[in-house]
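See below for the structure under consideration.
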2 protein chains.
Amino acid sequence: MQKLLTRIQTAHSLLCVGLDPVGDDAAVAGRLREVVAQTSAFAAAFKPNLAFFLSRENGVALLQATVQSVPKDIPVILDGKFGDIANTADHYARFAYDVVGADGVTVNPYMGDDAVRPFARPGKLVFSLAKTSNHPRHSLQDAALTRGGYLSDYAARVARLLDEELTDSIIGLVVGATEPAAMARVRAACPHQWFLVPGIGAQGGDLAATLKAGLRTDGSGLLINASRSIWQADDAGAAARELRDQINERRP
Amino acid sequence: MQKLLTRIQTAHSLLCVGLDPVGDDAAVAGRLREVVAQTSAFAAAFKPNLAFFLSRENGVALLQATVQSVPKDIPVILDGKFGDIANTADHYARFAYDVVGADGVTVNPYMGDDAVRPFARPGKLVFSLAKTSNHPRHSLQDAALTRGGYLSDYAARVARLLDEELTDSIIGLVVGATEPAAMARVRAACPHQWFLVPGIGAQGGDLAATLKAGLRTDGSGLLINASRSIWQADDAGAAARELRDQINERRP
């Protein structure tokens, strides 16, 4: 928790570098080391995507090696969208924190708050899905509730209650960049929470509109994720630095 | 798909044996082989719980060995509650089907139907969460929608639409046994779909009430899961046979 806040200060960055490794097994290990090394100076956090590791032979070992290659002062958020209850969630927490060595996770709140709690170990960062960056034909997140608002707003309010209750950890939200109006709505409901923001870059989210809708009044509170646009860049470091600077130019 | 239907006929069983291995690494591999061997005669399917494998060193290898130990005519459903979109979901599908060798998965529909579709490969079984067996303080599943019903009903209707659209695979539902009234509601909305049912045994669900509320008019359509009550039994085979028989006695 403190690790994230300190890192954001020292790196003067709200950029989260997503690691969704594509390519054959032989090339990927080297590219992961390269991207981490080149972007570390500009990253507030790294976010490895669990699926892109598990789909390979020896994927967990590659994930462990990747996390170990990250400088110790930069938090690593394991993007696993974990969503299960009680003792099952506890086993996923052991995987993320003890086996992989991550500092935080993404979780899916469909099963309710008891699916989120096991991840809230002291000092850890937990980002619970509210509004994601995709556009499904049948969207549960956009289902309208009788008590007002949408499911995404309700999921955000539940995460806010947990953040207020579980003061030893950060319970943040995943809020996609592809609908700035939804981000503004969630920010109004959750003025203090941290948002992890996918959807900038390859998915077409508008950076200026996202920052306007999502930044807290203190000019912080967002982690802007970029994965493909950095992974595919000839110079990953330059791509990360450029995005970090574009974000900072738009902070008040 | 055909594999499940054939297996249910030949084993005359609606029992799904859940594999949530607890215990130290040395003992667990042997107990997994033992439980699979002793219960195979009575199992319509096996359901390994991904979290209980990932939380161990070399968990993926143990999971692969476990799946390989299952007789080829019994489907294996990898309980991963996968919930992510587009190319990420595609990587989870590769993991479940190609790396692990499973015949089916559980998925989380929070992100919408496009998080479910990548798992619907021909012949595969996909169980999408509707109503789970836990009782959270803040339950998204029980959120009331302005267009009628609860989120769990809406999730069930989305899965039904997908099952009708994607005819090469089975898109079923996860419906817990701890609220028979909710099961009856989902069955009314989805008269033909397969339900995977956790919550019998250690979680206290009532078997008779569950079967009454959930069986289709043809006396089938449910896979009743039991994990802890079989894993912890001195004689796992006897525990599985007994539960299979209790289920069959209550089928019309």
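Naming scheme: A, B, ... for chains in displayed order of the structure tokens; residues 1 onward per chain; ligands 1 onward as shown.
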Return as number ranges by chain the residues belonging to chain A that are within 7 Å of chain B, counting only C-alpha atoms. A: 51-52, 54-55, 81, 83, 88, 91-92, 94-95, 99, 110-114, 132, 136-141, 143-146, 158
I want to know what sits within 9 Å of Thr66 in chain A, based on only C-alpha atoms, with residues of the same chain fewer than 3 positions away left out; could you give that as an MDAnalysis selection string? chainID A and resid 29 32:33 36 48 61:63 69:70
Run DSSP on the backbone and grab whatever in range 147-192 of chain A lands in alpha helix (DSSP H); send it over as a ChimeraX atom specification. /A:151-165,180-189
Requested write-out: N, CA, C and O atoms of the selected residues, as a compact mmCIF listing (two decimals), in the first residue's frame:
```txt
# COMPACT_ATOMS: atom_id res chain seq x y z
N LEU A 151 -25.40 -1.83 -12.14
CA LEU A 151 -24.66 -2.81 -11.36
C LEU A 151 -23.23 -2.34 -11.11
O LEU A 151 -22.69 -2.54 -10.03
N SER A 152 -22.62 -1.70 -12.12
CA SER A 152 -21.24 -1.23 -11.93
C SER A 152 -21.15 -0.24 -10.77
O SER A 152 -20.19 -0.25 -10.00
N ASP A 153 -22.17 0.60 -10.62
CA ASP A 153 -22.17 1.55 -9.50
C ASP A 153 -22.30 0.82 -8.17
O ASP A 153 -21.67 1.19 -7.17
N TYR A 154 -23.15 -0.21 -8.17
CA TYR A 154 -23.33 -0.98 -6.93
C TYR A 154 -22.04 -1.70 -6.56
O TYR A 154 -21.62 -1.70 -5.40
N ALA A 155 -21.40 -2.30 -7.57
CA ALA A 155 -20.11 -2.98 -7.31
C ALA A 155 -19.10 -1.98 -6.75
O ALA A 155 -18.31 -2.31 -5.86
N ALA A 156 -19.12 -0.76 -7.27
CA ALA A 156 -18.20 0.27 -6.78
C ALA A 156 -18.52 0.64 -5.33
O ALA A 156 -17.61 0.80 -4.52
N ARG A 157 -19.80 0.74 -5.02
CA ARG A 157 -20.17 1.10 -3.64
C ARG A 157 -19.76 0.00 -2.65
O ARG A 157 -19.32 0.28 -1.55
N VAL A 158 -19.92 -1.25 -3.07
CA VAL A 158 -19.50 -2.36 -2.21
C VAL A 158 -17.99 -2.27 -1.95
O VAL A 158 -17.53 -2.42 -0.82
N ALA A 159 -17.23 -2.00 -3.00
CA ALA A 159 -15.78 -1.88 -2.83
C ALA A 159 -15.42 -0.69 -1.94
O ALA A 159 -14.48 -0.76 -1.15
N ARG A 160 -16.20 0.37 -2.05
CA ARG A 160 -15.93 1.53 -1.18
C ARG A 160 -16.15 1.17 0.29
O ARG A 160 -15.34 1.51 1.16
N LEU A 161 -17.25 0.47 0.57
CA LEU A 161 -17.51 0.03 1.95
C LEU A 161 -16.37 -0.84 2.47
O LEU A 161 -15.94 -0.71 3.62
N LEU A 162 -15.88 -1.73 1.60
CA LEU A 162 -14.77 -2.60 2.02
C LEU A 162 -13.50 -1.79 2.26
O LEU A 162 -12.74 -2.06 3.19
N ASP A 163 -13.27 -0.79 1.40
CA ASP A 163 -12.07 0.04 1.56
C ASP A 163 -12.13 0.80 2.88
O ASP A 163 -11.10 0.98 3.55
N GLU A 164 -13.32 1.24 3.26
CA GLU A 164 -13.48 1.96 4.52
C GLU A 164 -13.32 1.01 5.71
O GLU A 164 -12.80 1.39 6.76
N GLU A 165 -13.75 -0.24 5.53
CA GLU A 165 -13.70 -1.22 6.63
C GLU A 165 -12.29 -1.80 6.81
O GLU A 165 -11.83 -1.98 7.93
N PRO A 180 -16.00 7.45 -20.54
CA PRO A 180 -15.71 8.49 -19.54
C PRO A 180 -16.92 8.86 -18.67
O PRO A 180 -16.76 9.18 -17.48
N ALA A 181 -18.13 8.76 -19.22
CA ALA A 181 -19.31 9.09 -18.42
C ALA A 181 -19.48 8.11 -17.26
O ALA A 181 -19.83 8.49 -16.14
N ALA A 182 -19.20 6.82 -17.55
CA ALA A 182 -19.28 5.82 -16.48
C ALA A 182 -18.19 6.07 -15.44
O ALA A 182 -18.43 5.95 -14.24
N MET A 183 -17.02 6.45 -15.91
CA MET A 183 -15.94 6.74 -14.96
C MET A 183 -16.31 7.92 -14.07
O MET A 183 -16.08 7.89 -12.85
N ALA A 184 -16.91 8.95 -14.64
CA ALA A 184 -17.31 10.11 -13.84
C ALA A 184 -18.35 9.70 -12.80
O ALA A 184 -18.32 10.17 -11.64
N ARG A 185 -19.25 8.81 -13.18
CA ARG A 185 -20.29 8.34 -12.25
C ARG A 185 -19.65 7.57 -11.09
O ARG A 185 -20.00 7.79 -9.93
N VAL A 186 -18.72 6.67 -11.42
CA VAL A 186 -18.08 5.88 -10.36
C VAL A 186 -17.22 6.80 -9.48
O VAL A 186 -17.19 6.65 -8.26
N ARG A 187 -16.56 7.78 -10.08
CA ARG A 187 -15.75 8.70 -9.27
C ARG A 187 -16.64 9.51 -8.31
O ARG A 187 -16.26 9.75 -7.15
N ALA A 188 -17.81 9.89 -8.79
CA ALA A 188 -18.72 10.64 -7.91
C ALA A 188 -19.13 9.78 -6.71
O ALA A 188 -19.26 10.28 -5.58
N ALA A 189 -19.32 8.47 -6.96
CA ALA A 189 -19.74 7.57 -5.88
C ALA A 189 -18.57 7.21 -4.96
O ALA A 189 -18.78 6.88 -3.79
```
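Note that CA of Gly18 in chain A and CA of Ser220 in chain A are 19.2 Å apart.
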If we count only C-alpha atoms and set the cut-off at 9 Å, which residues sit around Phe127 in chain A, ignoring sequence neighbours fewer than 6 positions away in its own chain? Please answer as a list in words. Ile77, Lys81, Gly104, Val105, Thr106, Val107, Asn108, Ala159, Ile170, Ile171, Gly172, Leu173, Val174, Trp194, Phe195 and Leu196 of chain A
Would you list, as a list in words, the residues of range 129-242 of chain B that end up in strand (DSSP E) under DSSP run on this structure's backbone? Leu129, Ala130, Lys131, Ile170, Ile171, Gly172, Leu173, Val174, Val175, Phe195, Leu196, Val197, Leu222, Leu223, Ile224, Asn225 and Ala226 of chain B
Could you write out the selected residues, including C-alpha atoms, as a CSV table (one decimal), in the first residue's frame?
```csv
chain,number,residue,atom,x,y,z
B,129,LEU,CA,-22.2,-18.5,-12.7
B,130,ALA,CA,-25.8,-17.6,-11.9
B,131,LYS,CA,-26.5,-18.1,-8.2
B,170,ILE,CA,-23.2,-26.8,-23.7
B,171,ILE,CA,-23.6,-23.5,-22.0
B,172,GLY,CA,-24.9,-24.4,-18.5
B,173,LEU,CA,-25.2,-22.6,-15.2
B,174,VAL,CA,-23.7,-22.8,-11.8
B,175,VAL,CA,-26.7,-22.7,-9.3
B,195,PHE,CA,-26.9,-26.8,-13.9
B,196,LEU,CA,-23.7,-27.5,-12.0
B,197,VAL,CA,-24.7,-27.5,-8.3
B,222,LEU,CA,-28.3,-31.4,-12.8
B,223,LEU,CA,-24.7,-32.2,-11.9
B,224,ILE,CA,-24.6,-32.4,-8.1
B,225,ASN,CA,-21.1,-31.6,-6.9
B,226,ALA,CA,-19.6,-32.9,-3.7
```
